[in-house]
file final_35.csv (CSV, C-alpha atoms and all ligand atoms)
chain,number,residue,atom,x,y,z
A,26,MET,CA,-3.5,9.9,21.0
A,27,ALA,CA,0.3,9.7,20.7
A,28,LEU,CA,0.6,8.1,17.4
A,29,VAL,CA,4.2,7.6,16.2
A,30,ILE,CA,5.0,7.0,12.6
A,31,ARG,CA,8.4,5.4,12.1
A,32,PRO,CA,10.3,3.2,9.6
A,33,ALA,CA,9.3,-0.5,9.9
A,34,THR,CA,11.9,-3.0,11.1
A,35,PHE,CA,11.9,-6.8,11.0
A,36,ALA,CA,10.9,-6.8,14.7
A,37,ASP,CA,7.5,-5.5,13.5
A,38,ILE,CA,6.9,-8.6,11.3
A,39,PRO,CA,4.7,-10.5,13.9
A,40,ALA,CA,2.3,-7.6,14.2
A,41,ILE,CA,2.3,-6.8,10.5
A,42,THR,CA,1.7,-10.5,9.7
A,43,ARG,CA,-1.2,-10.6,12.1
A,44,ILE,CA,-2.8,-7.4,10.7
A,45,TYR,CA,-2.4,-8.6,7.1
A,46,ALA,CA,-3.7,-12.1,7.8
A,47,HIS,CA,-6.9,-10.6,9.2
A,48,ALA,CA,-7.3,-8.5,6.0
A,49,VAL,CA,-6.7,-11.6,3.8
A,50,LYS,CA,-9.1,-13.8,5.7
A,51,THR,CA,-12.0,-11.3,6.1
A,52,GLY,CA,-11.8,-8.8,3.3
A,53,THR,CA,-11.0,-8.1,-0.4
A,54,ALA,CA,-8.3,-5.5,-0.1
A,55,SER,CA,-5.9,-8.3,-0.9
A,56,PHE,CA,-6.5,-10.8,-3.6
A,57,GLU,CA,-4.5,-13.4,-1.7
A,58,LEU,CA,-6.6,-16.3,-0.4
A,59,GLU,CA,-4.3,-17.7,2.2
A,60,PRO,CA,-2.4,-15.4,4.7
A,61,PRO,CA,1.4,-15.5,4.2
A,62,ASP,CA,3.5,-16.6,7.2
A,63,GLU,CA,6.1,-14.5,9.0
A,64,ALA,CA,8.9,-15.9,6.8
A,65,GLU,CA,7.1,-14.8,3.6
A,66,MET,CA,6.2,-11.4,5.1
A,67,THR,CA,9.9,-11.0,6.1
A,68,ALA,CA,11.0,-11.7,2.5
A,69,ARG,CA,8.5,-9.2,1.2
A,70,MET,CA,9.6,-6.5,3.6
A,71,ARG,CA,13.2,-7.2,2.6
A,72,ALA,CA,12.3,-6.7,-1.1
A,73,VAL,CA,10.7,-3.4,-0.3
A,74,LEU,CA,13.6,-2.2,1.8
A,75,ASP,CA,16.2,-3.5,-0.7
A,76,GLY,CA,14.4,-1.5,-3.4
A,77,LYS,CA,14.8,1.6,-1.2
A,78,PHE,CA,11.0,2.1,-1.0
A,79,PRO,CA,9.4,3.4,2.2
A,80,TYR,CA,8.0,0.9,4.7
A,81,ILE,CA,6.5,2.5,7.7
A,82,VAL,CA,4.5,1.6,10.8
A,83,ALA,CA,2.1,3.5,13.1
A,84,GLU,CA,2.8,2.8,16.7
A,85,LEU,CA,0.3,3.6,19.5
A,86,GLU,CA,1.4,3.2,23.1
A,87,GLY,CA,3.9,0.5,22.1
A,88,ALA,CA,1.5,-1.5,19.8
A,89,ILE,CA,1.6,-1.5,16.0
A,90,ALA,CA,-1.7,0.1,14.9
A,91,GLY,CA,-1.0,-0.2,11.2
A,92,TYR,CA,1.6,-0.2,8.4
A,93,ALA,CA,2.1,1.1,4.9
A,94,TYR,CA,4.6,0.7,2.2
A,95,ALA,CA,5.3,1.6,-1.4
A,96,SER,CA,6.5,-0.6,-4.2
A,97,LEU,CA,6.8,-0.2,-8.0
A,98,TYR,CA,3.4,-0.1,-9.7
A,99,ARG,CA,4.9,-2.3,-12.4
A,100,THR,CA,8.4,-3.6,-12.8
A,101,ARG,CA,9.2,-2.6,-16.5
A,102,PRO,CA,11.7,0.3,-16.3
A,103,ALA,CA,9.6,3.0,-17.8
A,104,TYR,CA,7.3,2.7,-14.8
A,105,ARG,CA,10.1,3.5,-12.5
A,106,PHE,CA,8.7,6.8,-11.2
A,107,THR,CA,5.3,5.3,-10.4
A,108,VAL,CA,4.6,3.6,-7.1
A,109,GLU,CA,1.7,1.6,-5.7
A,110,ASP,CA,0.8,2.0,-2.1
A,111,SER,CA,-0.4,-0.5,0.4
A,112,VAL,CA,-1.9,0.5,3.8
A,113,TYR,CA,-3.3,-1.8,6.5
A,114,VAL,CA,-4.7,-0.9,9.9
A,115,ASP,CA,-5.4,-3.2,12.8
A,116,PRO,CA,-9.1,-3.9,12.8
A,117,ASP,CA,-9.4,-2.7,16.4
A,118,MET,CA,-7.8,0.6,15.5
A,119,GLN,CA,-9.7,1.5,12.3
A,120,ARG,CA,-11.6,4.8,11.7
A,121,ARG,CA,-9.5,6.7,14.1
A,122,GLY,CA,-7.3,8.4,11.5
A,123,VAL,CA,-4.4,6.0,11.5
A,124,GLY,CA,-4.8,5.0,7.9
A,125,LYS,CA,-4.8,8.6,6.7
A,126,VAL,CA,-1.8,9.5,8.8
A,127,LEU,CA,0.1,6.5,7.4
A,128,LEU,CA,-0.8,7.3,3.8
A,129,MET,CA,0.0,11.0,4.1
A,130,ARG,CA,3.5,10.1,5.4
A,131,LEU,CA,4.0,7.5,2.6
A,132,ILE,CA,3.0,10.2,0.1
A,133,GLU,CA,5.5,12.6,1.6
A,134,ASP,CA,8.3,10.0,1.7
A,135,CYS,CA,7.7,8.9,-1.9
A,136,THR,CA,7.5,12.5,-3.1
A,137,ALA,CA,10.9,13.3,-1.4
A,138,LEU,CA,12.3,10.2,-3.2
A,139,GLY,CA,11.4,11.6,-6.6
A,140,PHE,CA,8.5,9.4,-7.5
A,141,ARG,CA,5.9,11.2,-9.6
A,142,GLN,CA,2.7,9.2,-9.4
A,143,MET,CA,1.1,7.0,-6.8
A,144,ILE,CA,-1.5,4.4,-7.7
A,145,ALA,CA,-4.0,2.7,-5.4
A,146,VAL,CA,-5.4,-0.6,-6.7
A,147,ILE,CA,-8.6,-0.9,-4.7
A,148,GLY,CA,-9.8,-4.5,-4.0
A,149,ASP,CA,-13.5,-4.3,-4.8
A,150,SER,CA,-15.8,-1.5,-5.9
A,151,HIS,CA,-17.6,-1.7,-2.5
A,152,GLN,CA,-14.4,-1.2,-0.5
A,153,ALA,CA,-15.6,2.1,1.2
A,154,ALA,CA,-12.7,2.2,3.7
A,155,SER,CA,-10.0,2.0,1.1
A,156,ILE,CA,-11.7,4.4,-1.3
A,157,GLY,CA,-12.3,6.7,1.7
A,158,VAL,CA,-8.8,6.9,2.9
A,159,HIS,CA,-7.4,7.5,-0.6
A,160,LYS,CA,-10.0,10.2,-1.3
A,161,ALA,CA,-9.1,11.8,2.0
A,162,CYS,CA,-5.5,12.0,0.9
A,163,GLY,CA,-6.3,13.6,-2.5
A,164,PHE,CA,-6.4,10.6,-4.8
A,165,GLU,CA,-8.9,10.7,-7.7
A,166,PRO,CA,-10.7,7.8,-9.5
A,167,ALA,CA,-8.6,6.5,-12.4
A,168,GLY,CA,-10.7,3.7,-14.0
A,169,ASN,CA,-11.9,0.4,-13.0
A,170,LEU,CA,-11.2,-3.2,-14.1
A,171,LYS,CA,-14.4,-5.2,-13.8
A,172,ASN,CA,-14.8,-8.7,-12.5
A,173,ILE,CA,-11.2,-9.7,-12.6
A,174,GLY,CA,-11.0,-11.3,-9.2
A,175,TRP,CA,-12.9,-14.2,-7.6
A,176,LYS,CA,-13.0,-14.4,-3.8
A,177,PHE,CA,-15.6,-15.3,-1.2
A,178,GLY,CA,-17.8,-16.7,-4.0
A,179,ARG,CA,-18.1,-13.5,-6.0
A,180,TRP,CA,-16.5,-11.5,-8.8
A,181,LEU,CA,-14.4,-8.5,-7.7
A,182,ASP,CA,-13.5,-5.3,-9.5
A,183,THR,CA,-10.3,-3.4,-9.1
A,184,PRO,CA,-11.0,0.4,-9.2
A,185,PHE,CA,-7.9,2.5,-9.6
A,186,MET,CA,-7.1,5.7,-7.9
A,187,GLN,CA,-4.2,8.0,-8.6
A,188,LEU,CA,-2.3,10.9,-7.1
A,189,ALA,CA,0.4,13.0,-8.7
A,190,LEU,CA,3.4,13.5,-6.5
A,191,GLY,CA,5.5,16.7,-6.4
A,192,ASP,CA,5.7,18.1,-9.9
A,193,GLY,CA,3.8,15.2,-11.3
A,194,ALA,CA,3.9,15.3,-15.1
A,195,LEU,CA,4.8,19.1,-15.2
A,196,THR,CA,8.6,18.5,-15.4
A,197,PRO,CA,10.8,15.6,-16.5
A,198,PRO,CA,11.8,13.3,-13.6
A,199,ARG,CA,15.2,13.2,-12.0
A,200,GLU,CA,16.9,9.8,-12.3
A,201,ARG,CA,17.8,8.4,-8.9
A,202,ASN,CA,21.0,6.4,-8.6
A,203,GLY,CA,21.3,6.7,-12.4
A,204,GLY,CA,19.0,3.9,-13.3
A,205,PRO,CA,15.9,1.8,-12.8
A,206,ARG,CA,15.3,0.1,-9.5
A,207,ARG,CA,14.0,-3.4,-9.0
A,208,SER,CA,11.5,-4.7,-6.6
A,209,SER,CA,9.4,-7.8,-6.5
A,210,ASP,CA,5.8,-7.5,-7.6
A,211,LEU,CA,4.1,-7.8,-4.2
A,212,HIS,CA,0.5,-8.0,-5.3
B,301,LIG,C1,-8.5,1.2,4.5
B,301,LIG,C2,-7.9,1.4,5.9
B,301,LIG,C3,-6.4,1.3,5.8
B,301,LIG,C4,-8.4,2.8,6.4
B,301,LIG,O1,-7.7,3.0,7.6
B,301,LIG,P1,-8.4,3.8,8.8
B,301,LIG,O2,-7.4,4.1,9.8
B,301,LIG,O3,-9.6,2.9,9.2
B,301,LIG,O4,-9.0,5.1,8.1
B,301,LIG,P2,-9.0,6.5,8.7
B,301,LIG,O5,-9.7,6.5,10.0
B,301,LIG,O6,-7.7,7.2,8.6
B,301,LIG,O7,-10.0,7.2,7.7
B,301,LIG,C5,-9.5,8.0,6.6
B,301,LIG,C6,-10.7,8.4,5.7
B,301,LIG,O8,-11.3,7.3,5.1
B,301,LIG,C7,-12.7,7.3,5.5
B,301,LIG,N1,-13.1,5.9,5.9
B,301,LIG,C8,-12.4,5.1,6.6
B,301,LIG,N2,-13.1,3.9,6.8
B,301,LIG,C9,-14.2,4.1,6.1
B,301,LIG,C10,-15.4,3.3,5.9
B,301,LIG,N3,-15.4,2.0,6.5
B,301,LIG,N4,-16.4,3.7,5.2
B,301,LIG,C11,-16.4,5.0,4.7
B,301,LIG,N5,-15.3,5.8,4.8
B,301,LIG,C12,-14.3,5.4,5.6
B,301,LIG,C13,-12.8,8.2,6.7
B,301,LIG,O9,-14.1,8.7,6.8
B,301,LIG,C14,-11.7,9.2,6.5
B,301,LIG,O10,-12.2,10.3,5.8
B,301,LIG,P3,-12.0,11.8,6.3
B,301,LIG,O11,-10.6,12.0,6.7
B,301,LIG,O12,-12.5,12.6,5.2
B,301,LIG,O13,-12.9,11.8,7.5
B,301,LIG,C15,-8.4,0.3,6.9
B,301,LIG,O14,-9.8,0.3,6.9
B,301,LIG,C16,-7.9,-1.1,6.6
B,301,LIG,O15,-6.9,-1.5,7.0
B,301,LIG,N6,-8.8,-1.9,5.9
B,301,LIG,C17,-8.4,-3.2,5.5
B,301,LIG,C18,-7.3,-3.2,4.5
B,301,LIG,C19,-7.5,-2.2,3.3
B,301,LIG,O16,-8.6,-2.1,2.8
B,301,LIG,N7,-6.4,-1.6,2.9
B,301,LIG,C20,-6.3,-0.7,1.7
B,301,LIG,C21,-5.8,-1.5,0.6
B,301,LIG,S1,-4.3,-0.9,0.0
call {"tool": "encode", "arguments": {"input": "final_35.csv", "output": "structure tokens"}}
result
Amino acid sequence: MALVIRPATFADIPAITRIYAHAVKTGTASFELEPPDEAEMTARMRAVLDGKFPYIVAELEGAIAGYAYASLYRTRPAYRFTVEDSVYVDPDMQRRGVGKVLLMRLIEDCTALGFRQMIAVIGDSHQAASIGVHKACGFEPAGNLKNIGWKFGRWLDTPFMQLALGDGALTPPRERNGGPRRSSDLH
């Protein structure tokens, strides 16, 4: 299949909003309970782009098959070399390798930008797809917070997975633009 990975634009918002809404309504990857509308998704994309984080889409024959972006894991400045990833694939396009291709590109882009660690906060211990895609990209388990979410009438864990980027912790990081960046906390 001719899968194209490219930077996301605001024209992709309707497709991204639809994909995310399905995930919010039917799954536990997101701990949101109500799907955000296009205006809110636009504001969130703007925050990611303003922070100079990668936001990418996978396009298959003109249709958006999935999207991924990085944002700061936490906003206090000492965390500034650590990003959290988000990746969502259209339900009709899952299990065809789209998620893995998106995540691999996001890892590449974040490494090139000088980030040193990528964190995946998995929504629910039984989230085989999310755990599977991160494992396939080299992430390792990094702990689990138990029973901290409540959705669909049950308690949810948030397992963490982690991947070192580039030199990881072997060398000091190189400051980018001379100082800490800012981004909204999107989760
Ligand atoms: C998680 C998600 C992005 C995976 O995308 P995908 O395109 O379906 O995944 P891929 O086809 O690229 O599969 C990548 C790997 O994960 C594994 N995997 C994917 N879905 C799986 C499932 N349901 N059960 C077990 N393993 C699964 C695949 O076997 C594959 O491993 P391999 O490369 O060793 O064969 C997608 O299922 C999704 O959007 N889910 C809802 C939202 C979500 O959970 N997002 C992650 C939170 S940040």
call {"tool": "residues_around", "arguments": {"input": "final_35.csv", "residues": "range 53-57 of chain A", "least_positions_apart": "6", "cutoff": "8 Å", "atoms": "all atoms listed in the file", "output": "list in words"}}
result
Ile147, Gly148, Asp149, Gln152, Ser155, Gly174, Lys176 and His212 of chain A
call {"tool": "write_last_selection", "arguments": {"input": "final_35.csv", "atoms": "C-alpha atoms", "output": "short mmCIF file (atom, residue, chain, number, x, y, z; two decimals), in the frame of the given file"}}
result
data_model
loop_
_atom_site.label_atom_id
_atom_site.label_comp_id
_atom_site.auth_asym_id
_atom_site.auth_seq_id
_atom_site.Cartn_x
_atom_site.Cartn_y
_atom_site.Cartn_z
CA ILE A 147 -8.60 -0.90 -4.70
CA GLY A 148 -9.80 -4.50 -4.00
CA ASP A 149 -13.50 -4.30 -4.80
CA GLN A 152 -14.40 -1.20 -0.50
CA SER A 155 -10.00 2.00 1.10
CA GLY A 174 -11.00 -11.30 -9.20
CA LYS A 176 -13.00 -14.40 -3.80
CA HIS A 212 0.50 -8.00 -5.30
#
call {"tool": "residues_near_ligand", "arguments": {"input": "final_35.csv", "ligand": "ligand LIG 301 (chain B)", "cutoff": "9 Å", "atoms": "only C-alpha atoms and all ligand atoms", "output": "VMD selection string"}}
result
chain A and resid 44 to 45 47 to 49 51 to 55 90 to 93 109 to 116 118 to 128 145 to 148 152 to 162
call {"tool": "closest_residue", "arguments": {"input": "final_35.csv", "among": "A:Ala167, A:His151, A:Phe78, A:Met143", "to": "Leu190 in chain A", "atoms": "only C-alpha atoms"}}
result
A:Met143
call {"tool": "closest_residue", "arguments": {"input": "final_35.csv", "among": "A:Ile41, A:Leu74, A:Arg130, A:Glu200", "to": "Pro102 in chain A", "atoms": "all atoms listed in the file"}}
result
A:Glu200
call {"tool": "atom_distance", "arguments": {"input": "final_35.csv", "atom1": "CA of Pro60 in chain A", "atom2": "CA of Ala46 in chain A"}}
result
4.7 Å
call {"tool": "residues_near_point", "arguments": {"input": "final_35.csv", "point": "(4.5, 3.9, -8.2)", "cutoff": "6 Å", "atoms": "only C-alpha atoms", "output": "number ranges by chain"}}
result
A: 97-98, 106-109, 142-143
call {"tool": "decode", "arguments": {"input": "final_35.csv", "residues": "range 157-173 of chain A", "atoms": "all heavy atoms", "output": "compact mmCIF listing (two decimals), in the first residue's frame"}}
result
# COMPACT_ATOMS: atom_id res chain seq x y z
N GLY A 157 1.22 -3.47 22.14
CA GLY A 157 1.84 -4.16 20.99
C GLY A 157 2.59 -3.21 20.08
O GLY A 157 3.72 -3.49 19.68
N VAL A 158 1.99 -2.07 19.77
CA VAL A 158 2.65 -1.15 18.83
C VAL A 158 3.91 -0.55 19.47
O VAL A 158 4.94 -0.37 18.81
CB VAL A 158 1.67 -0.07 18.30
CG1 VAL A 158 1.39 1.01 19.33
CG2 VAL A 158 2.19 0.56 17.02
N HIS A 159 3.83 -0.25 20.78
CA HIS A 159 5.02 0.31 21.45
C HIS A 159 6.13 -0.73 21.57
O HIS A 159 7.30 -0.43 21.34
CB HIS A 159 4.63 0.91 22.80
CG HIS A 159 3.88 2.20 22.66
ND1 HIS A 159 2.51 2.27 22.66
CD2 HIS A 159 4.33 3.47 22.46
CE1 HIS A 159 2.13 3.54 22.47
NE2 HIS A 159 3.23 4.29 22.36
N LYS A 160 5.75 -1.96 21.90
CA LYS A 160 6.74 -3.03 21.99
C LYS A 160 7.42 -3.23 20.63
O LYS A 160 8.64 -3.39 20.54
CB LYS A 160 6.03 -4.31 22.44
CG LYS A 160 6.94 -5.39 22.91
CD LYS A 160 6.15 -6.51 23.57
CE LYS A 160 7.04 -7.75 23.59
NZ LYS A 160 6.26 -8.98 23.57
N ALA A 161 6.61 -3.20 19.58
CA ALA A 161 7.15 -3.38 18.22
C ALA A 161 8.14 -2.28 17.84
O ALA A 161 8.99 -2.47 16.98
CB ALA A 161 6.00 -3.44 17.21
N CYS A 162 8.03 -1.12 18.51
CA CYS A 162 8.94 -0.01 18.22
C CYS A 162 10.07 0.07 19.24
O CYS A 162 10.81 1.07 19.27
CB CYS A 162 8.16 1.30 18.18
SG CYS A 162 7.07 1.43 16.75
N GLY A 163 10.21 -0.93 20.09
CA GLY A 163 11.36 -0.98 20.99
C GLY A 163 11.13 -0.47 22.41
O GLY A 163 12.05 -0.45 23.22
N PHE A 164 9.92 -0.03 22.72
CA PHE A 164 9.64 0.44 24.08
C PHE A 164 9.69 -0.73 25.05
O PHE A 164 9.32 -1.86 24.71
CB PHE A 164 8.24 1.07 24.17
CG PHE A 164 8.13 2.44 23.56
CD1 PHE A 164 8.27 2.63 22.19
CD2 PHE A 164 7.84 3.54 24.35
CE1 PHE A 164 8.13 3.89 21.62
CE2 PHE A 164 7.70 4.82 23.80
CZ PHE A 164 7.85 4.99 22.43
N GLU A 165 10.07 -0.42 26.30
CA GLU A 165 10.07 -1.42 27.35
C GLU A 165 9.14 -1.00 28.48
O GLU A 165 8.95 0.20 28.71
CB GLU A 165 11.49 -1.60 27.90
CG GLU A 165 12.36 -2.25 26.85
CD GLU A 165 13.76 -2.54 27.35
OE1 GLU A 165 14.12 -2.06 28.44
OE2 GLU A 165 14.47 -3.25 26.62
N PRO A 166 8.57 -1.97 29.20
CA PRO A 166 7.70 -1.62 30.33
C PRO A 166 8.45 -0.78 31.35
O PRO A 166 9.64 -1.02 31.61
CB PRO A 166 7.33 -2.99 30.93
CG PRO A 166 7.57 -3.97 29.83
CD PRO A 166 8.70 -3.42 29.00
N ALA A 167 7.78 0.20 31.94
CA ALA A 167 8.44 1.11 32.89
C ALA A 167 7.54 1.43 34.06
O ALA A 167 7.48 2.57 34.53
CB ALA A 167 8.87 2.38 32.17
N GLY A 168 6.81 0.42 34.54
CA GLY A 168 5.97 0.65 35.71
C GLY A 168 4.49 0.74 35.37
O GLY A 168 4.11 0.79 34.20
N ASN A 169 3.71 0.79 36.41
CA ASN A 169 2.26 0.77 36.22
C ASN A 169 1.58 1.46 37.38
O ASN A 169 1.84 1.14 38.54
CB ASN A 169 1.80 -0.70 36.15
CG ASN A 169 0.30 -0.83 35.88
OD1 ASN A 169 -0.32 0.09 35.35
ND2 ASN A 169 -0.28 -1.95 36.25
N LEU A 170 0.73 2.43 37.09
CA LEU A 170 -0.09 3.03 38.15
C LEU A 170 -1.45 2.33 38.14
O LEU A 170 -2.12 2.30 37.10
CB LEU A 170 -0.25 4.53 37.90
CG LEU A 170 1.04 5.34 37.91
CD1 LEU A 170 0.74 6.82 37.66
CD2 LEU A 170 1.77 5.19 39.24
N LYS A 171 -1.79 1.76 39.26
CA LYS A 171 -2.98 0.93 39.30
C LYS A 171 -4.24 1.70 39.68
O LYS A 171 -4.22 2.52 40.59
CB LYS A 171 -2.78 -0.21 40.31
CG LYS A 171 -1.77 -1.21 39.83
CD LYS A 171 -1.67 -2.38 40.79
CE LYS A 171 -0.64 -3.36 40.26
NZ LYS A 171 -0.27 -4.33 41.28
N ASN A 172 -5.32 1.39 38.99
CA ASN A 172 -6.67 1.83 39.36
C ASN A 172 -6.79 3.35 39.51
O ASN A 172 -7.48 3.83 40.41
CB ASN A 172 -7.08 1.15 40.69
CG ASN A 172 -7.03 -0.36 40.57
OD1 ASN A 172 -7.49 -0.92 39.56
ND2 ASN A 172 -6.47 -1.02 41.55
N ILE A 173 -6.18 4.08 38.57
CA ILE A 173 -6.25 5.55 38.72
C ILE A 173 -7.25 6.19 37.75
O ILE A 173 -7.42 7.41 37.76
CB ILE A 173 -4.86 6.22 38.58
CG1 ILE A 173 -4.24 5.95 37.22
CG2 ILE A 173 -3.93 5.77 39.70
CD1 ILE A 173 -3.08 6.88 36.93
